[in-house]
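The file entry21.cif contains mmCIF, N, CA and C atoms:
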data_coords
#
loop_
_atom_site.label_atom_id
_atom_site.label_comp_id
_atom_site.auth_asym_id
_atom_site.auth_seq_id
_atom_site.Cartn_x
_atom_site.Cartn_y
_atom_site.Cartn_z
N MET A 1 0.81 -1.20 0.00
CA MET A 1 0.00 0.00 0.00
C MET A 1 0.85 1.26 0.00
N GLY A 2 2.01 1.22 0.63
CA GLY A 2 2.89 2.38 0.69
C GLY A 2 3.31 2.84 -0.70
N HIS A 3 3.52 1.87 -1.60
CA HIS A 3 3.91 2.20 -2.97
C HIS A 3 2.79 2.96 -3.69
N LEU A 4 1.55 2.51 -3.52
CA LEU A 4 0.41 3.17 -4.15
C LEU A 4 0.21 4.58 -3.61
N ASP A 5 0.43 4.77 -2.32
CA ASP A 5 0.33 6.11 -1.74
C ASP A 5 1.31 7.06 -2.40
N GLY A 6 2.54 6.59 -2.64
CA GLY A 6 3.55 7.41 -3.31
C GLY A 6 3.15 7.76 -4.73
N VAL A 7 2.55 6.79 -5.44
CA VAL A 7 2.10 7.02 -6.82
C VAL A 7 0.98 8.05 -6.84
N PHE A 8 0.01 7.89 -5.94
CA PHE A 8 -1.11 8.82 -5.90
C PHE A 8 -0.67 10.22 -5.50
N GLU A 9 0.30 10.30 -4.59
CA GLU A 9 0.81 11.60 -4.18
C GLU A 9 1.52 12.30 -5.34
N ALA A 10 2.29 11.55 -6.12
CA ALA A 10 2.99 12.11 -7.29
C ALA A 10 1.97 12.58 -8.33
N LEU A 11 0.92 11.80 -8.55
CA LEU A 11 -0.12 12.21 -9.50
C LEU A 11 -0.85 13.45 -9.02
N HIS A 12 -1.10 13.55 -7.73
CA HIS A 12 -1.76 14.73 -7.18
C HIS A 12 -0.90 15.97 -7.37
N GLU A 13 0.41 15.86 -7.14
CA GLU A 13 1.32 16.99 -7.34
C GLU A 13 1.36 17.41 -8.80
N LYS A 14 1.39 16.42 -9.69
CA LYS A 14 1.41 16.71 -11.14
C LYS A 14 0.13 17.43 -11.55
N GLU A 15 -0.99 17.00 -11.03
CA GLU A 15 -2.27 17.64 -11.34
C GLU A 15 -2.32 19.07 -10.81
N ALA A 16 -1.78 19.29 -9.62
CA ALA A 16 -1.75 20.64 -9.03
C ALA A 16 -0.88 21.57 -9.89
N ARG A 17 0.26 21.08 -10.38
CA ARG A 17 1.11 21.90 -11.26
C ARG A 17 0.40 22.22 -12.56
N ALA A 18 -0.35 21.26 -13.11
CA ALA A 18 -1.10 21.50 -14.35
C ALA A 18 -2.15 22.57 -14.15
N GLU A 19 -2.82 22.57 -13.00
CA GLU A 19 -3.82 23.59 -12.70
C GLU A 19 -3.18 24.97 -12.58
N GLU A 20 -1.99 25.04 -11.97
CA GLU A 20 -1.29 26.32 -11.86
C GLU A 20 -0.92 26.86 -13.23
N LEU A 21 -0.50 25.97 -14.14
CA LEU A 21 -0.12 26.39 -15.49
C LEU A 21 -1.32 26.94 -16.26
N LYS A 22 -2.52 26.42 -16.00
CA LYS A 22 -3.72 26.91 -16.67
C LYS A 22 -4.00 28.38 -16.33
N LEU A 23 -3.56 28.81 -15.16
CA LEU A 23 -3.85 30.16 -14.70
C LEU A 23 -2.80 31.18 -15.13
N LEU A 24 -1.72 30.74 -15.74
CA LEU A 24 -0.67 31.67 -16.18
C LEU A 24 -1.11 32.45 -17.41
N SER A 25 -0.91 33.75 -17.37
CA SER A 25 -1.18 34.56 -18.56
C SER A 25 0.11 34.91 -19.28
N SER A 26 1.24 34.92 -18.55
CA SER A 26 2.52 35.20 -19.18
C SER A 26 3.65 34.72 -18.28
N ILE A 27 4.80 34.51 -18.90
CA ILE A 27 6.00 34.16 -18.16
C ILE A 27 7.16 34.96 -18.74
N ASP A 28 8.15 35.22 -17.92
CA ASP A 28 9.36 35.89 -18.37
C ASP A 28 10.35 34.84 -18.85
N ILE A 29 10.86 35.01 -20.07
CA ILE A 29 11.82 34.07 -20.62
C ILE A 29 12.98 34.84 -21.24
N THR A 30 14.04 34.13 -21.56
CA THR A 30 15.14 34.68 -22.33
C THR A 30 15.03 34.10 -23.72
N ALA A 31 14.89 34.96 -24.71
CA ALA A 31 14.71 34.53 -26.09
C ALA A 31 15.84 35.07 -26.96
N PHE A 32 15.90 34.58 -28.18
CA PHE A 32 16.88 35.05 -29.16
C PHE A 32 16.18 36.01 -30.12
N HIS A 33 16.79 37.16 -30.36
CA HIS A 33 16.24 38.11 -31.31
C HIS A 33 17.16 38.18 -32.52
N CYS A 34 16.58 37.99 -33.71
CA CYS A 34 17.33 38.09 -34.96
C CYS A 34 17.09 39.49 -35.52
N SER A 35 18.17 40.24 -35.70
CA SER A 35 18.06 41.62 -36.20
C SER A 35 17.58 41.66 -37.65
N GLU A 36 18.03 40.72 -38.47
CA GLU A 36 17.66 40.72 -39.88
C GLU A 36 16.20 40.30 -40.09
N CYS A 37 15.75 39.29 -39.36
CA CYS A 37 14.36 38.81 -39.48
C CYS A 37 13.40 39.63 -38.62
N ASP A 38 13.92 40.37 -37.64
CA ASP A 38 13.13 41.15 -36.69
C ASP A 38 12.09 40.27 -36.00
N ARG A 39 12.57 39.13 -35.47
CA ARG A 39 11.71 38.17 -34.77
C ARG A 39 12.39 37.66 -33.53
N PHE A 40 11.58 37.26 -32.56
CA PHE A 40 12.07 36.58 -31.38
C PHE A 40 11.87 35.08 -31.56
N TYR A 41 12.82 34.31 -31.07
CA TYR A 41 12.74 32.86 -31.11
C TYR A 41 13.01 32.32 -29.71
N GLU A 42 12.23 31.32 -29.31
CA GLU A 42 12.40 30.73 -28.00
C GLU A 42 13.68 29.89 -27.95
N LYS A 43 13.99 29.23 -29.05
CA LYS A 43 15.20 28.41 -29.15
C LYS A 43 16.15 29.08 -30.14
N HIS A 44 17.42 28.72 -30.05
CA HIS A 44 18.43 29.28 -30.95
C HIS A 44 18.06 28.96 -32.39
N PRO A 45 17.81 29.98 -33.24
CA PRO A 45 17.39 29.73 -34.63
C PRO A 45 18.59 29.31 -35.51
N SER A 46 18.67 28.04 -35.81
CA SER A 46 19.82 27.53 -36.57
C SER A 46 19.87 28.11 -37.98
N LEU A 47 18.73 28.38 -38.60
CA LEU A 47 18.72 28.94 -39.95
C LEU A 47 19.31 30.35 -39.94
N CYS A 48 18.94 31.15 -38.96
CA CYS A 48 19.50 32.50 -38.85
C CYS A 48 21.00 32.44 -38.58
N ALA A 49 21.42 31.53 -37.71
CA ALA A 49 22.84 31.38 -37.42
C ALA A 49 23.60 30.92 -38.66
N HIS A 50 23.00 30.00 -39.41
CA HIS A 50 23.63 29.51 -40.65
C HIS A 50 23.79 30.64 -41.67
N ASN A 51 22.82 31.54 -41.72
CA ASN A 51 22.87 32.66 -42.66
C ASN A 51 23.63 33.87 -42.10
N LYS A 52 24.29 33.69 -40.96
CA LYS A 52 25.13 34.71 -40.34
C LYS A 52 24.34 35.96 -39.94
N HIS A 53 23.09 35.77 -39.51
CA HIS A 53 22.30 36.88 -38.99
C HIS A 53 22.81 37.25 -37.61
N ARG A 54 22.61 38.51 -37.22
CA ARG A 54 23.00 38.96 -35.89
C ARG A 54 21.96 38.51 -34.88
N LEU A 55 22.37 37.71 -33.93
CA LEU A 55 21.47 37.20 -32.89
C LEU A 55 21.92 37.74 -31.55
N ARG A 56 20.93 38.05 -30.71
CA ARG A 56 21.24 38.47 -29.35
C ARG A 56 20.18 37.89 -28.42
N LYS A 57 20.60 37.62 -27.19
CA LYS A 57 19.65 37.15 -26.18
C LYS A 57 18.97 38.35 -25.56
N ALA A 58 17.68 38.22 -25.28
CA ALA A 58 16.94 39.32 -24.68
C ALA A 58 15.86 38.76 -23.74
N PRO A 59 15.67 39.38 -22.58
CA PRO A 59 14.58 38.97 -21.70
C PRO A 59 13.26 39.55 -22.21
N ILE A 60 12.26 38.69 -22.40
CA ILE A 60 10.95 39.14 -22.89
C ILE A 60 9.84 38.37 -22.17
N LYS A 61 8.61 38.78 -22.44
CA LYS A 61 7.44 38.08 -21.91
C LYS A 61 6.87 37.16 -22.99
N LYS A 62 6.53 35.96 -22.57
CA LYS A 62 5.80 35.03 -23.43
C LYS A 62 4.36 35.03 -22.90
N ARG A 63 3.41 35.45 -23.75
CA ARG A 63 2.01 35.57 -23.35
C ARG A 63 1.18 34.46 -23.98
N PHE A 64 0.18 33.99 -23.23
CA PHE A 64 -0.66 32.88 -23.67
C PHE A 64 -2.08 33.35 -23.92
N PHE A 65 -2.69 32.84 -25.00
CA PHE A 65 -4.04 33.26 -25.41
C PHE A 65 -4.88 32.06 -25.80
N LEU A 66 -6.19 32.21 -25.60
CA LEU A 66 -7.19 31.24 -26.06
C LEU A 66 -8.04 31.92 -27.13
N CYS A 67 -8.52 31.13 -28.09
CA CYS A 67 -9.38 31.67 -29.14
C CYS A 67 -10.67 32.20 -28.51
N GLY A 68 -11.14 33.34 -28.97
CA GLY A 68 -12.35 33.95 -28.44
C GLY A 68 -13.62 33.45 -29.08
N ASN A 69 -13.52 32.60 -30.10
CA ASN A 69 -14.67 32.05 -30.78
C ASN A 69 -15.32 31.00 -29.89
N ILE A 70 -16.62 31.14 -29.60
CA ILE A 70 -17.33 30.19 -28.75
C ILE A 70 -17.26 28.80 -29.39
N GLY A 71 -16.86 27.83 -28.61
CA GLY A 71 -16.78 26.46 -29.09
C GLY A 71 -15.41 26.07 -29.63
N CYS A 72 -14.55 27.03 -29.92
CA CYS A 72 -13.21 26.72 -30.42
C CYS A 72 -12.27 26.57 -29.24
N THR A 73 -11.36 25.62 -29.34
CA THR A 73 -10.41 25.37 -28.26
C THR A 73 -8.98 25.76 -28.66
N GLY A 74 -8.85 26.63 -29.66
CA GLY A 74 -7.54 27.03 -30.14
C GLY A 74 -6.76 27.82 -29.09
N GLU A 75 -5.46 27.59 -29.03
CA GLU A 75 -4.57 28.30 -28.12
C GLU A 75 -3.34 28.74 -28.89
N THR A 76 -2.70 29.80 -28.41
CA THR A 76 -1.45 30.26 -29.00
C THR A 76 -0.63 30.99 -27.94
N ALA A 77 0.64 31.15 -28.24
CA ALA A 77 1.54 31.92 -27.38
C ALA A 77 2.33 32.87 -28.27
N VAL A 78 2.63 34.06 -27.76
CA VAL A 78 3.41 35.04 -28.53
C VAL A 78 4.61 35.48 -27.71
N LEU A 79 5.69 35.81 -28.41
CA LEU A 79 6.92 36.26 -27.76
C LEU A 79 7.09 37.75 -28.00
N GLY A 80 7.13 38.52 -26.92
CA GLY A 80 7.41 39.94 -27.02
C GLY A 80 6.29 40.80 -27.57
N LEU A 81 5.12 40.26 -27.83
CA LEU A 81 3.98 41.02 -28.33
C LEU A 81 2.90 41.06 -27.26
N THR A 82 1.99 42.03 -27.39
CA THR A 82 0.89 42.11 -26.43
C THR A 82 -0.35 41.34 -26.88
N ALA A 83 -0.39 40.95 -28.15
CA ALA A 83 -1.50 40.17 -28.68
C ALA A 83 -1.01 39.41 -29.91
N PRO A 84 -1.67 38.31 -30.25
CA PRO A 84 -1.27 37.56 -31.45
C PRO A 84 -1.51 38.35 -32.73
N ARG A 85 -0.70 38.11 -33.73
CA ARG A 85 -0.88 38.74 -35.04
C ARG A 85 -1.78 37.91 -35.95
N GLU A 86 -1.68 36.60 -35.82
CA GLU A 86 -2.37 35.69 -36.73
C GLU A 86 -3.75 35.31 -36.21
N ALA A 87 -4.52 34.76 -37.13
CA ALA A 87 -5.83 34.22 -36.79
C ALA A 87 -5.65 32.84 -36.15
N CYS A 88 -6.70 32.33 -35.55
CA CYS A 88 -6.69 31.01 -34.92
C CYS A 88 -6.45 29.94 -35.98
N ASP A 89 -5.58 28.99 -35.68
CA ASP A 89 -5.29 27.90 -36.61
C ASP A 89 -6.49 26.98 -36.80
N ARG A 90 -7.36 26.89 -35.80
CA ARG A 90 -8.48 25.96 -35.87
C ARG A 90 -9.70 26.54 -36.61
N CYS A 91 -10.05 27.81 -36.30
CA CYS A 91 -11.30 28.35 -36.86
C CYS A 91 -11.10 29.57 -37.73
N GLY A 92 -9.93 30.19 -37.71
CA GLY A 92 -9.68 31.36 -38.54
C GLY A 92 -10.11 32.68 -37.93
N GLU A 93 -10.64 32.66 -36.72
CA GLU A 93 -11.10 33.87 -36.03
C GLU A 93 -9.90 34.67 -35.55
N LYS A 94 -10.04 36.00 -35.51
CA LYS A 94 -8.96 36.86 -35.05
C LYS A 94 -9.26 37.51 -33.70
N LEU A 95 -10.11 36.89 -32.92
CA LEU A 95 -10.40 37.34 -31.56
C LEU A 95 -9.71 36.41 -30.58
N TRP A 96 -9.06 36.99 -29.60
CA TRP A 96 -8.33 36.19 -28.63
C TRP A 96 -8.70 36.61 -27.21
N ARG A 97 -8.60 35.70 -26.28
CA ARG A 97 -8.76 35.97 -24.85
C ARG A 97 -7.41 35.68 -24.19
N ALA A 98 -6.97 36.61 -23.36
CA ALA A 98 -5.74 36.38 -22.63
C ALA A 98 -5.97 35.25 -21.63
N LYS A 99 -5.16 34.23 -21.72
CA LYS A 99 -5.30 33.08 -20.84
C LYS A 99 -4.83 33.45 -19.45
N GLY A 100 -5.55 32.97 -18.45
CA GLY A 100 -5.14 33.18 -17.08
C GLY A 100 -5.57 34.50 -16.47
N LYS A 101 -6.17 35.39 -17.24
CA LYS A 101 -6.59 36.68 -16.69
C LYS A 101 -8.03 36.58 -16.22
N GLY A 102 -8.33 37.24 -15.14
CA GLY A 102 -9.70 37.28 -14.65
C GLY A 102 -10.08 35.98 -13.97
N ASN A 103 -11.37 35.62 -14.09
CA ASN A 103 -11.84 34.39 -13.48
C ASN A 103 -12.79 33.70 -14.45
N THR A 104 -13.45 32.65 -14.02
CA THR A 104 -14.33 31.91 -14.91
C THR A 104 -15.53 32.73 -15.35
N ALA A 105 -15.95 33.69 -14.55
CA ALA A 105 -17.09 34.54 -14.92
C ALA A 105 -16.72 35.44 -16.11
N ALA A 106 -15.44 35.77 -16.26
CA ALA A 106 -15.02 36.63 -17.35
C ALA A 106 -15.14 35.93 -18.70
N ALA A 107 -15.14 34.60 -18.67
CA ALA A 107 -15.23 33.85 -19.92
C ALA A 107 -16.64 33.85 -20.48
N GLY A 108 -17.63 34.14 -19.65
CA GLY A 108 -19.00 34.18 -20.14
C GLY A 108 -19.67 32.83 -20.03
N ASP A 109 -19.02 31.76 -20.50
CA ASP A 109 -19.66 30.45 -20.47
C ASP A 109 -19.30 29.66 -19.22
N GLY A 110 -18.32 30.12 -18.45
CA GLY A 110 -17.97 29.46 -17.21
C GLY A 110 -17.20 28.16 -17.40
N LYS A 111 -16.97 27.73 -18.62
CA LYS A 111 -16.29 26.46 -18.87
C LYS A 111 -14.80 26.62 -19.04
N ARG A 112 -14.33 27.80 -19.36
CA ARG A 112 -12.91 28.02 -19.60
C ARG A 112 -12.35 28.83 -18.45
N GLY A 113 -11.74 28.15 -17.53
CA GLY A 113 -11.25 28.81 -16.32
C GLY A 113 -10.15 29.81 -16.59
N GLY A 114 -10.23 30.94 -15.92
CA GLY A 114 -9.17 31.92 -15.93
C GLY A 114 -8.85 32.55 -17.27
N VAL A 115 -9.83 33.13 -17.93
CA VAL A 115 -9.55 33.84 -19.18
C VAL A 115 -10.07 35.25 -19.09
N GLY A 116 -9.50 36.14 -19.87
CA GLY A 116 -9.85 37.55 -19.81
C GLY A 116 -10.78 37.98 -20.91
N ASN A 117 -10.85 39.30 -21.13
CA ASN A 117 -11.72 39.89 -22.13
C ASN A 117 -11.21 39.64 -23.54
N LEU A 118 -12.12 39.74 -24.51
CA LEU A 118 -11.74 39.55 -25.91
C LEU A 118 -10.86 40.69 -26.39
N ILE A 119 -9.85 40.37 -27.19
CA ILE A 119 -9.00 41.38 -27.83
C ILE A 119 -8.81 40.97 -29.28
N LEU A 120 -8.60 41.94 -30.13
CA LEU A 120 -8.34 41.67 -31.54
C LEU A 120 -6.88 41.35 -31.75
N SER A 121 -6.61 40.52 -32.77
CA SER A 121 -5.22 40.24 -33.09
C SER A 121 -4.58 41.49 -33.67
N ILE A 122 -3.27 41.58 -33.56
CA ILE A 122 -2.53 42.73 -34.06
C ILE A 122 -2.13 42.45 -35.50
N SER A 123 -2.63 43.25 -36.41
CA SER A 123 -2.25 43.08 -37.82
C SER A 123 -0.93 43.81 -38.06
N GLU A 124 -0.33 43.55 -39.19
CA GLU A 124 0.94 44.20 -39.53
C GLU A 124 0.79 45.72 -39.57
N SER A 125 -0.37 46.22 -39.97
CA SER A 125 -0.54 47.67 -40.12
C SER A 125 -0.63 48.39 -38.78
N ASN A 126 -1.13 47.71 -37.74
CA ASN A 126 -1.30 48.41 -36.47
C ASN A 126 -0.49 47.79 -35.34
N ARG A 127 0.52 47.00 -35.65
CA ARG A 127 1.25 46.29 -34.59
C ARG A 127 2.07 47.23 -33.72
N ASN A 128 2.38 48.43 -34.19
CA ASN A 128 3.13 49.37 -33.38
C ASN A 128 2.22 50.36 -32.64
N ALA A 129 0.92 50.22 -32.83
CA ALA A 129 -0.03 51.12 -32.17
C ALA A 129 -0.09 50.80 -30.67
N ASP A 130 -0.58 51.75 -29.89
CA ASP A 130 -0.70 51.57 -28.46
C ASP A 130 -1.87 50.63 -28.17
N VAL A 131 -1.58 49.46 -27.62
CA VAL A 131 -2.63 48.50 -27.31
C VAL A 131 -2.79 48.33 -25.80
N SER A 132 -2.23 49.25 -25.03
CA SER A 132 -2.31 49.13 -23.58
C SER A 132 -3.75 49.22 -23.08
N THR A 133 -4.62 49.87 -23.84
CA THR A 133 -6.02 49.98 -23.42
C THR A 133 -6.73 48.64 -23.48
N LEU A 134 -6.19 47.68 -24.22
CA LEU A 134 -6.81 46.37 -24.30
C LEU A 134 -6.68 45.60 -22.99
N TYR A 135 -5.73 45.99 -22.15
CA TYR A 135 -5.47 45.27 -20.92
C TYR A 135 -5.88 46.05 -19.69
N ALA A 136 -6.78 46.99 -19.85
CA ALA A 136 -7.23 47.80 -18.72
C ALA A 136 -8.12 47.00 -17.80
#
Output the file's structure as structure tokens, nothing else.
Amino acid sequence: MGHLDGVFEALHEKEARAEELKLLSSIDITAFHCSECDRFYEKHPSLCAHNKHRLRKAPIKKRFFLCGNIGCTGETAVLGLTAPREACDRCGEKLWRAKGKGNTAAAGDGKRGGVGNLILSISESNRNADVSTLYA
């Protein structure tokens, strides 16, 4: 019985960590920035290194989002941006909810724990605009 108690305790700890991860809206990471591509990469970009692009390490935020389309379970993460640029891979919608923000009541349907208000994706034309009002 002692062995089973250890297994159940390990499973309980793993489940608790998974629940904590569901509530995260962002994490601080160290990413690689390519000056020529003007992109952040979570891992060392071998193609950029092969092409002799200038790479530097930079501390940035990785933000997590859920698709805002009712019934869609699409998720995405962005590096160094305040909102995703692309549409959802599953449904094509460009509305996103910040994962981990607010509570279940903020989701409207109560089924998606810890999500925030709807925000529009950032298109190339307005990606440098002030989007701080989206997170008020």
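Take the PyMOL selection byres (((chain A and resi 66 and name CA) around 6) and name CA) and apply it to this file: it picks A:Phe65, A:Cys67, A:Gly74, A:Glu75, A:Trp96, A:Arg97, A:Lys99.
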Proximity to Leu23 in chain A - best of A:Ala98, A:Thr82, A:Asp89, A:Ala10, only C-alpha atoms: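 Comparing A:Ala98, A:Thr82, A:Asp89, A:Ala10 against Leu23 in chain A, the winner is A:Ala98.
For the pair atom N of Leu95 in chain A and atom N of Lys22 in chain A, the interatomic distance is 21.3 Å.
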If you measure from CA of Ala31 in chain A to CA of His44 in chain A, what distance in Å do you get, rounded to one decimal?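 These two atoms are separated by 8.1 Å.
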Quick one: pull the distance between atom N of Gly68 in chain A and atom C of Gly80 in chain A, Å, one decimal. 19.0 Å
Calculated over all atoms listed in the file, which of the candidates A:Arg39, A:Cys72, A:Gly100, A:Ile119 has the smallest distance to Leu21 in chain A?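 Under the stated criterion, the closest residue is A:Gly100.
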Tell me, as a JSON list (two decimals) with N, CA and C atoms, in the frame of the given file, which residues lie within 10 Å of Lys57 in chain A, counting only C-alpha atoms; anything in the same chain fewer than 4 positions away does not count.
[["chain", "number", "residue", "atom", "x", "y", "z"],
["A", 30, "THR", "N", 14.04, 34.13, -21.56],
["A", 30, "THR", "CA", 15.14, 34.68, -22.33],
["A", 30, "THR", "C", 15.03, 34.10, -23.72],
["A", 31, "ALA", "N", 14.89, 34.96, -24.71],
["A", 31, "ALA", "CA", 14.71, 34.53, -26.09],
["A", 31, "ALA", "C", 15.84, 35.07, -26.96],
["A", 32, "PHE", "N", 15.90, 34.58, -28.18],
["A", 32, "PHE", "CA", 16.88, 35.05, -29.16],
["A", 32, "PHE", "C", 16.18, 36.01, -30.12],
["A", 33, "HIS", "N", 16.79, 37.16, -30.36],
["A", 33, "HIS", "CA", 16.24, 38.11, -31.31],
["A", 33, "HIS", "C", 17.16, 38.18, -32.52],
["A", 34, "CYS", "N", 16.58, 37.99, -33.71],
["A", 34, "CYS", "CA", 17.33, 38.09, -34.96],
["A", 34, "CYS", "C", 17.09, 39.49, -35.52],
["A", 40, "PHE", "N", 11.58, 37.26, -32.56],
["A", 40, "PHE", "CA", 12.07, 36.58, -31.38],
["A", 40, "PHE", "C", 11.87, 35.08, -31.56],
["A", 41, "TYR", "N", 12.82, 34.31, -31.07],
["A", 41, "TYR", "CA", 12.74, 32.86, -31.11],
["A", 41, "TYR", "C", 13.01, 32.32, -29.71],
["A", 42, "GLU", "N", 12.23, 31.32, -29.31],
["A", 42, "GLU", "CA", 12.40, 30.73, -28.00],
["A", 42, "GLU", "C", 13.68, 29.89, -27.95],
["A", 44, "HIS", "N", 17.42, 28.72, -30.05],
["A", 44, "HIS", "CA", 18.43, 29.28, -30.95],
["A", 44, "HIS", "C", 18.06, 28.96, -32.39]]
Between A:Asp5, A:Glu13, A:Glu86, A:Glu36, which has the minimum distance to Ala49 in chain A (counting only C-alpha atoms)?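 Among the listed residues, the smallest separation from Ala49 in chain A belongs to A:Glu36.
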Grab all the atoms of range 56-71 of chain A that the file lists, wrap them in a box along x, y and z, add 6 Å per side, and give me centre plus edge lengths in Å (one decimal) as lines of an AutoDock Vina configuration file.
center_x = 2.0
center_y = 32.8
center_z = -26.2
size_x = 50.6
size_y = 25.5
size_z = 21.1
Within 6.5 Å of Ser26 in chain A, counting all atoms listed in the file, which residues qualify if same-chain residues fewer than 5 places away don't, as an mmCIF file with N, CA and C atoms, in the frame of the given file?
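Once written, result_2.cif looks like this:
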data_model
loop_
_atom_site.group_PDB
_atom_site.id
_atom_site.type_symbol
_atom_site.label_atom_id
_atom_site.label_comp_id
_atom_site.auth_asym_id
_atom_site.auth_seq_id
_atom_site.Cartn_x
_atom_site.Cartn_y
_atom_site.Cartn_z
ATOM 1 N N LYS A 61 8.610 38.780 -22.440
ATOM 2 C CA LYS A 61 7.440 38.080 -21.910
ATOM 3 C C LYS A 61 6.870 37.160 -22.990
ATOM 4 N N LYS A 62 6.530 35.960 -22.570
ATOM 5 C CA LYS A 62 5.800 35.030 -23.430
ATOM 6 C C LYS A 62 4.360 35.030 -22.900
ATOM 7 N N ARG A 63 3.410 35.450 -23.750
ATOM 8 C CA ARG A 63 2.010 35.570 -23.350
ATOM 9 C C ARG A 63 1.180 34.460 -23.980
ATOM 10 N N PHE A 64 0.180 33.990 -23.230
ATOM 11 C CA PHE A 64 -0.660 32.880 -23.670
ATOM 12 C C PHE A 64 -2.080 33.350 -23.920
ATOM 13 N N LYS A 99 -5.160 34.230 -21.720
ATOM 14 C CA LYS A 99 -5.300 33.080 -20.840
ATOM 15 C C LYS A 99 -4.830 33.450 -19.450
#
Among range 11-51 of chain A, which ones does DSSP assign to strand (DSSP E or B) (computed from the backbone)? Answer as a PyMOL selection string. chain A and resi 26-34+39-41
Can you work out which one of A:Cys91, A:Gly71, A:Leu11, A:His53 has the shortest atom-to-atom distance to Cys37 in chain A, counting all atoms listed in the file? A:His53
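Checking A:Gly2, A:Glu9, A:Ile60, A:Pro45 one by one against Ile29 in chain A, counting all atoms listed in the file, you find the shortest gap at A:Ile60.
Distances here use only N, CA and C atoms; by that measure, the residue among A:Glu19, A:Arg54, A:Glu93, A:Leu4 closest to Asn69 in chain A is A:Glu93.
Of all the residues in range 22-115 of chain A, the ones DSSP labels as alpha helix (DSSP H) from the backbone are Lys22, Ser46, Leu47, Cys48, Ala49 and His50 of chain A.
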